[in-house]
Amino acid sequence: MSTEVNRRRFLTRTVVGGLAALRATQLAARDESPPLEKTPRNGHAPRIRKALKYHMIRENLPLADKFKLIRDLGFEGLEIHRREKLEPGDVRQAAAAAGVEVHGVLNSADPDLTAAIDLAKGYGATSVLVVAGRVTAETPYDRNYVETQKRLRGAIPHAERSGIRLLVENVWNDFLLSPLEMARYLDELDSDAVGAYFDVGNVVRFGWPEQWIRILGRRIGKLDIKEYSRDKQLNEGLRRGFDVELGEGSIDWPEVRGALADVGYAGWATAEVPGGDRQRLADISRRMDRVLGLAE
């Protein structure tokens, strides 16, 4: 092998290594930046605020009484899907009367992010939960990456003006399958109005939540809380892994709590499990207290 070939290989490896080191430094720098919304620590552990999804409330009650019910059960807030089509004025009035907050809007994969941002602002919320498309045979991975980033970039100016964060959730859409890739995807959008909506249960079939939390770090804007059982996954099927109560599956909740403390997470943790009547919601509240260490 010639000296010239060896020299070219050496230079190529040096350049690639230098670029990788630079990228790692950039990611670390972004990870140290504070989130837009956090609770001051004042020397204490970060405070996690407990919430649930509005559609989980199965009591046949007026809006105001539903909000009072969840407050009585220990929830501080809730998140509303845009398909509910609730009047923003009614929502704000009911929330104020009950002493709870509507902290977010679930947009799922609806491409109209402007409308979701406006609805979130109307509710007095601080975020829109975004699903970044879906990879299929007709929508290749790389195209979905580019197109969903383009959609988010187009909505960022309006989100920034409105004080609303666009939080991309890790869901079963065959996309953003590792925390390193998700961190890169978010960092490339280069806006504090974009972050991660981290679902603890959704990664268990192919990873460990505590690892995702430590890698995503301060990019995490909010949490979805659900359980998952690898035993049910293996013996009954993928979706059956979710058929287990909080605290009774494969998630190592002490490790999750430790990771959240390590990254200084403070903010909303929203249950995303089958809802029900008062008794069912009370059980969810108690289970969240246990797995998140809120009763300690």
# chains A, B, ... in the order shown; residues from 1 in each chain; ligands from 1
call {"tool": "closest_atom_pairs", "arguments": {"of": "segment 111-159 of chain A", "to": "segment 184-207 of chain A", "cutoff": "12 Å", "atoms": "only C-alpha atoms", "output": "JSON lines"}}
result
{"residue": "A:Ile117", "atom": "CA", "partner": "A:Ala193", "partner_atom": "CA", "distance": 11.3}
{"residue": "A:Thr126", "atom": "CA", "partner": "A:Ala193", "partner_atom": "CA", "distance": 10.2}
{"residue": "A:Ser127", "atom": "CA", "partner": "A:Ala193", "partner_atom": "CA", "distance": 9.0}
{"residue": "A:Val128", "atom": "CA", "partner": "A:Tyr197", "partner_atom": "CA", "distance": 9.3}
{"residue": "A:Leu129", "atom": "CA", "partner": "A:Tyr197", "partner_atom": "CA", "distance": 6.8}
{"residue": "A:Val130", "atom": "CA", "partner": "A:Tyr197", "partner_atom": "CA", "distance": 8.2}
{"residue": "A:Val131", "atom": "CA", "partner": "A:Tyr197", "partner_atom": "CA", "distance": 9.5}
{"residue": "A:Ala132", "atom": "CA", "partner": "A:Tyr185", "partner_atom": "CA", "distance": 10.4}
{"residue": "A:Asp142", "atom": "CA", "partner": "A:Tyr185", "partner_atom": "CA", "distance": 11.7}
{"residue": "A:Asn144", "atom": "CA", "partner": "A:Tyr185", "partner_atom": "CA", "distance": 11.6}
{"residue": "A:Tyr145", "atom": "CA", "partner": "A:Tyr185", "partner_atom": "CA", "distance": 8.0}
{"residue": "A:Val146", "atom": "CA", "partner": "A:Tyr185", "partner_atom": "CA", "distance": 9.7}
{"residue": "A:Glu147", "atom": "CA", "partner": "A:Tyr185", "partner_atom": "CA", "distance": 11.9}
{"residue": "A:Thr148", "atom": "CA", "partner": "A:Tyr185", "partner_atom": "CA", "distance": 10.0}
{"residue": "A:Gln149", "atom": "CA", "partner": "A:Leu189", "partner_atom": "CA", "distance": 7.1}
{"residue": "A:Lys150", "atom": "CA", "partner": "A:Leu189", "partner_atom": "CA", "distance": 9.0}
{"residue": "A:Arg151", "atom": "CA", "partner": "A:Leu189", "partner_atom": "CA", "distance": 10.6}
{"residue": "A:Leu152", "atom": "CA", "partner": "A:Leu189", "partner_atom": "CA", "distance": 7.9}
{"residue": "A:Arg153", "atom": "CA", "partner": "A:Leu189", "partner_atom": "CA", "distance": 6.6}
{"residue": "A:Gly154", "atom": "CA", "partner": "A:Leu189", "partner_atom": "CA", "distance": 10.4}
{"residue": "A:Ala155", "atom": "CA", "partner": "A:Ala193", "partner_atom": "CA", "distance": 9.7}
{"residue": "A:Ile156", "atom": "CA", "partner": "A:Ala193", "partner_atom": "CA", "distance": 6.7}
{"residue": "A:Pro157", "atom": "CA", "partner": "A:Ala193", "partner_atom": "CA", "distance": 8.7}
{"residue": "A:His158", "atom": "CA", "partner": "A:Ala193", "partner_atom": "CA", "distance": 9.7}
{"residue": "A:Ala159", "atom": "CA", "partner": "A:Ala193", "partner_atom": "CA", "distance": 6.5}
call {"tool": "residues_around", "arguments": {"residues": "Ala96 of chain A", "least_positions_apart": "2", "cutoff": "12 Å", "atoms": "only C-alpha atoms", "output": "mmCIF file with all heavy atoms, in the first residue's frame"}}
result
data_model
loop_
_atom_site.group_PDB
_atom_site.id
_atom_site.type_symbol
_atom_site.label_atom_id
_atom_site.label_comp_id
_atom_site.auth_asym_id
_atom_site.auth_seq_id
_atom_site.Cartn_x
_atom_site.Cartn_y
_atom_site.Cartn_z
ATOM 1 N N LEU A 63 -68.402 20.204 32.657
ATOM 2 C CA LEU A 63 -66.969 20.481 32.533
ATOM 3 C C LEU A 63 -66.367 20.947 33.852
ATOM 4 O O LEU A 63 -65.336 20.426 34.298
ATOM 5 C CB LEU A 63 -66.746 21.529 31.443
ATOM 6 C CG LEU A 63 -65.291 21.910 31.135
ATOM 7 C CD1 LEU A 63 -64.564 20.734 30.507
ATOM 8 C CD2 LEU A 63 -65.247 23.125 30.207
ATOM 9 N N ALA A 64 -67.003 21.922 34.506
ATOM 10 C CA ALA A 64 -66.460 22.472 35.743
ATOM 11 C C ALA A 64 -66.353 21.413 36.821
ATOM 12 O O ALA A 64 -65.377 21.376 37.594
ATOM 13 C CB ALA A 64 -67.321 23.638 36.226
ATOM 14 N N ASP A 65 -67.341 20.527 36.897
ATOM 15 C CA ASP A 65 -67.329 19.483 37.925
ATOM 16 C C ASP A 65 -66.277 18.415 37.623
ATOM 17 O O ASP A 65 -65.709 17.814 38.541
ATOM 18 C CB ASP A 65 -68.710 18.843 38.039
ATOM 19 C CG ASP A 65 -69.736 19.790 38.647
ATOM 20 O OD1 ASP A 65 -69.322 20.733 39.353
ATOM 21 O OD2 ASP A 65 -70.936 19.597 38.408
ATOM 22 N N PHE A 67 -63.370 19.083 36.291
ATOM 23 C CA PHE A 67 -62.122 19.690 36.727
ATOM 24 C C PHE A 67 -62.005 19.655 38.253
ATOM 25 O O PHE A 67 -60.928 19.394 38.808
ATOM 26 C CB PHE A 67 -62.038 21.123 36.222
ATOM 27 C CG PHE A 67 -61.715 21.236 34.753
ATOM 28 C CD1 PHE A 67 -61.812 20.152 33.903
ATOM 29 C CD2 PHE A 67 -61.311 22.441 34.215
ATOM 30 C CE1 PHE A 67 -61.518 20.250 32.555
ATOM 31 C CE2 PHE A 67 -60.999 22.560 32.857
ATOM 32 C CZ PHE A 67 -61.111 21.458 32.027
ATOM 33 N N LYS A 68 -63.102 19.896 38.947
ATOM 34 C CA LYS A 68 -63.081 19.836 40.416
ATOM 35 C C LYS A 68 -62.803 18.413 40.892
ATOM 36 O O LYS A 68 -62.106 18.204 41.883
ATOM 37 C CB LYS A 68 -64.407 20.341 40.980
ATOM 38 C CG LYS A 68 -64.636 21.835 40.799
ATOM 39 C CD LYS A 68 -66.020 22.258 41.270
ATOM 40 C CE LYS A 68 -66.260 23.743 41.009
ATOM 41 N NZ LYS A 68 -67.649 24.146 41.360
ATOM 42 N N ARG A 71 -59.114 17.627 40.717
ATOM 43 C CA ARG A 71 -58.387 18.347 41.766
ATOM 44 C C ARG A 71 -58.570 17.660 43.112
ATOM 45 O O ARG A 71 -57.608 17.503 43.871
ATOM 46 C CB ARG A 71 -58.876 19.803 41.837
ATOM 47 C CG ARG A 71 -58.135 20.628 42.877
ATOM 48 C CD ARG A 71 -56.676 20.817 42.503
ATOM 49 N NE ARG A 71 -55.862 21.214 43.639
ATOM 50 C CZ ARG A 71 -54.602 21.607 43.556
ATOM 51 N NH1 ARG A 71 -54.005 21.653 42.378
ATOM 52 N NH2 ARG A 71 -53.924 21.943 44.622
ATOM 53 N N GLU A 76 -53.077 18.153 39.546
ATOM 54 C CA GLU A 76 -52.956 19.605 39.416
ATOM 55 C C GLU A 76 -53.345 20.118 38.040
ATOM 56 O O GLU A 76 -53.546 21.326 37.858
ATOM 57 C CB GLU A 76 -51.523 20.053 39.705
ATOM 58 C CG GLU A 76 -51.067 19.830 41.138
ATOM 59 C CD GLU A 76 -49.683 20.384 41.357
ATOM 60 O OE1 GLU A 76 -49.497 21.613 41.194
ATOM 61 O OE2 GLU A 76 -48.764 19.598 41.657
ATOM 62 N N GLY A 77 -53.395 19.222 37.060
ATOM 63 C CA GLY A 77 -53.671 19.685 35.717
ATOM 64 C C GLY A 77 -54.137 18.579 34.803
ATOM 65 O O GLY A 77 -54.282 17.414 35.205
ATOM 66 N N GLY A 89 -62.950 29.608 26.258
ATOM 67 C CA GLY A 89 -63.427 30.412 27.372
ATOM 68 C C GLY A 89 -64.010 29.563 28.488
ATOM 69 O O GLY A 89 -63.771 29.815 29.684
ATOM 70 N N ASP A 90 -64.777 28.525 28.117
ATOM 71 C CA ASP A 90 -65.355 27.625 29.112
ATOM 72 C C ASP A 90 -64.264 26.851 29.845
ATOM 73 O O ASP A 90 -64.345 26.633 31.064
ATOM 74 C CB ASP A 90 -66.309 26.640 28.443
ATOM 75 C CG ASP A 90 -67.530 27.316 27.836
ATOM 76 O OD1 ASP A 90 -67.824 28.464 28.234
ATOM 77 O OD2 ASP A 90 -68.174 26.705 26.960
ATOM 78 N N VAL A 91 -63.248 26.431 29.103
ATOM 79 C CA VAL A 91 -62.147 25.673 29.712
ATOM 80 C C VAL A 91 -61.396 26.533 30.723
ATOM 81 O O VAL A 91 -61.128 26.102 31.851
ATOM 82 C CB VAL A 91 -61.189 25.160 28.614
ATOM 83 C CG1 VAL A 91 -59.895 24.624 29.237
ATOM 84 C CG2 VAL A 91 -61.871 24.077 27.784
ATOM 85 N N ARG A 92 -61.069 27.748 30.344
ATOM 86 C CA ARG A 92 -60.328 28.625 31.259
ATOM 87 C C ARG A 92 -61.146 28.938 32.509
ATOM 88 O O ARG A 92 -60.615 28.961 33.623
ATOM 89 C CB ARG A 92 -59.936 29.914 30.533
ATOM 90 C CG ARG A 92 -58.930 29.703 29.419
ATOM 91 C CD ARG A 92 -58.525 31.021 28.782
ATOM 92 N NE ARG A 92 -57.557 31.723 29.599
ATOM 93 C CZ ARG A 92 -56.393 32.185 29.172
ATOM 94 N NH1 ARG A 92 -56.036 31.977 27.915
ATOM 95 N NH2 ARG A 92 -55.585 32.830 29.963
ATOM 96 N N GLN A 93 -62.415 29.160 32.339
ATOM 97 C CA GLN A 93 -63.270 29.465 33.481
ATOM 98 C C GLN A 93 -63.369 28.271 34.424
ATOM 99 O O GLN A 93 -63.257 28.419 35.649
ATOM 100 C CB GLN A 93 -64.663 29.872 33.000
ATOM 101 C CG GLN A 93 -65.606 30.301 34.119
ATOM 102 C CD GLN A 93 -66.950 30.768 33.590
ATOM 103 O OE1 GLN A 93 -67.186 30.781 32.386
ATOM 104 N NE2 GLN A 93 -67.833 31.159 34.486
ATOM 105 N N ALA A 94 -63.570 27.080 33.870
ATOM 106 C CA ALA A 94 -63.685 25.876 34.694
ATOM 107 C C ALA A 94 -62.376 25.569 35.404
ATOM 108 O O ALA A 94 -62.366 25.172 36.573
ATOM 109 C CB ALA A 94 -64.110 24.699 33.824
ATOM 110 N N ALA A 98 -61.768 25.519 39.510
ATOM 111 C CA ALA A 98 -61.349 24.293 40.178
ATOM 112 C C ALA A 98 -59.941 24.371 40.743
ATOM 113 O O ALA A 98 -59.548 23.543 41.564
ATOM 114 C CB ALA A 98 -61.438 23.123 39.197
ATOM 115 N N GLY A 99 -59.165 25.349 40.288
ATOM 116 C CA GLY A 99 -57.782 25.443 40.743
ATOM 117 C C GLY A 99 -56.864 24.443 40.080
ATOM 118 O O GLY A 99 -55.914 23.954 40.703
ATOM 119 N N VAL A 100 -57.152 24.127 38.803
ATOM 120 C CA VAL A 100 -56.272 23.243 38.038
ATOM 121 C C VAL A 100 -55.794 23.994 36.798
ATOM 122 O O VAL A 100 -56.310 25.066 36.473
ATOM 123 C CB VAL A 100 -56.975 21.939 37.623
ATOM 124 C CG1 VAL A 100 -57.388 21.140 38.846
ATOM 125 C CG2 VAL A 100 -58.171 22.223 36.721
ATOM 126 N N GLU A 101 -54.832 23.420 36.097
ATOM 127 C CA GLU A 101 -54.309 24.022 34.873
ATOM 128 C C GLU A 101 -54.491 23.070 33.698
ATOM 129 O O GLU A 101 -54.269 21.866 33.823
ATOM 130 C CB GLU A 101 -52.822 24.344 35.021
ATOM 131 C CG GLU A 101 -52.497 25.390 36.064
ATOM 132 C CD GLU A 101 -51.005 25.664 36.147
ATOM 133 O OE1 GLU A 101 -50.357 25.667 35.078
ATOM 134 O OE2 GLU A 101 -50.507 25.848 37.266
ATOM 135 N N VAL A 102 -54.889 23.618 32.579
ATOM 136 C CA VAL A 102 -54.804 22.874 31.328
ATOM 137 C C VAL A 102 -53.418 23.168 30.765
ATOM 138 O O VAL A 102 -53.161 24.249 30.258
ATOM 139 C CB VAL A 102 -55.904 23.315 30.334
ATOM 140 C CG1 VAL A 102 -55.734 22.584 29.001
ATOM 141 C CG2 VAL A 102 -57.281 23.044 30.917
ATOM 142 N N TYR A 123 -56.503 27.952 25.656
ATOM 143 C CA TYR A 123 -56.755 27.204 26.885
ATOM 144 C C TYR A 123 -55.892 27.699 28.049
ATOM 145 O O TYR A 123 -56.101 27.307 29.191
ATOM 146 C CB TYR A 123 -56.439 25.719 26.677
ATOM 147 C CG TYR A 123 -57.460 24.951 25.886
ATOM 148 C CD1 TYR A 123 -57.115 23.724 25.305
ATOM 149 C CD2 TYR A 123 -58.766 25.412 25.708
ATOM 150 C CE1 TYR A 123 -58.047 22.990 24.576
ATOM 151 C CE2 TYR A 123 -59.693 24.683 24.975
ATOM 152 C CZ TYR A 123 -59.324 23.463 24.415
ATOM 153 O OH TYR A 123 -60.241 22.733 23.705
ATOM 154 N N GLY A 124 -54.885 28.518 27.745
ATOM 155 C CA GLY A 124 -53.936 28.914 28.779
ATOM 156 C C GLY A 124 -52.867 27.870 29.006
ATOM 157 O O GLY A 124 -52.226 27.827 30.057
#
call {"tool": "atom_distance", "arguments": {"atom1": "atom CA of Ile80 of chain A", "atom2": "atom CA of His103 of chain A"}}
result
8.5 Å
call {"tool": "residues_around", "arguments": {"residues": "Met288 of chain A", "least_positions_apart": "5", "cutoff": "9 Å", "atoms": "only C-alpha atoms", "output": "list in words"}}
result
Lys50, Ile225, Leu246, Gly247, Ala269, Ala271, Asp283, Gly293 and Leu294 of chain A
call {"tool": "atom_distance", "arguments": {"atom1": "atom CA of Val244 of chain A", "atom2": "atom CA of Tyr54 of chain A"}}
result
20.8 Å
call {"tool": "residues_around", "arguments": {"residues": "Lys232 of chain A", "least_positions_apart": "6", "cutoff": "9 Å", "atoms": "only C-alpha atoms", "output": "PyMOL selection string"}}
result
chain A and resi 238-244+249
call {"tool": "atom_distance", "arguments": {"atom1": "atom CA of Glu138 of chain A", "atom2": "atom CA of Glu181 of chain A"}}
result
21.7 Å
call {"tool": "closest_residue", "arguments": {"among": "A:Leu61, A:Leu281, A:Leu292, A:Glu210", "to": "Phe75 of chain A", "atoms": "only C-alpha atoms"}}
result
A:Leu281
call {"tool": "closest_residue", "arguments": {"among": "A:Val168, A:Leu78, A:Leu73, A:Leu216", "to": "Trp268 of chain A", "atoms": "only C-alpha atoms"}}
result
A:Leu78
call {"tool": "select_by_dssp", "arguments": {"residues": "segment 19-262 of chain A", "states": "helix (DSSP H, G or I)", "output": "ChimeraX atom specification"}}
result
/A:19-32,54-56,63-72,82-84,88-98,113-123,141-162,179-187,201-203,209-219,230-236,239-242,253-262
call {"tool": "closest_residue", "arguments": {"among": "A:Arg278, A:Trp253, A:Val135, A:Arg214", "to": "Tyr265 of chain A", "atoms": "only C-alpha atoms"}}
result
A:Arg214
call {"tool": "select_by_dssp", "arguments": {"residues": "segment 13-245 of chain A", "states": "strand (DSSP E or B)", "output": "MDAnalysis selection string"}}
result
chainID A and resid 48:53 57 77:81 101:108 127:130 165:169 194:199 220:225
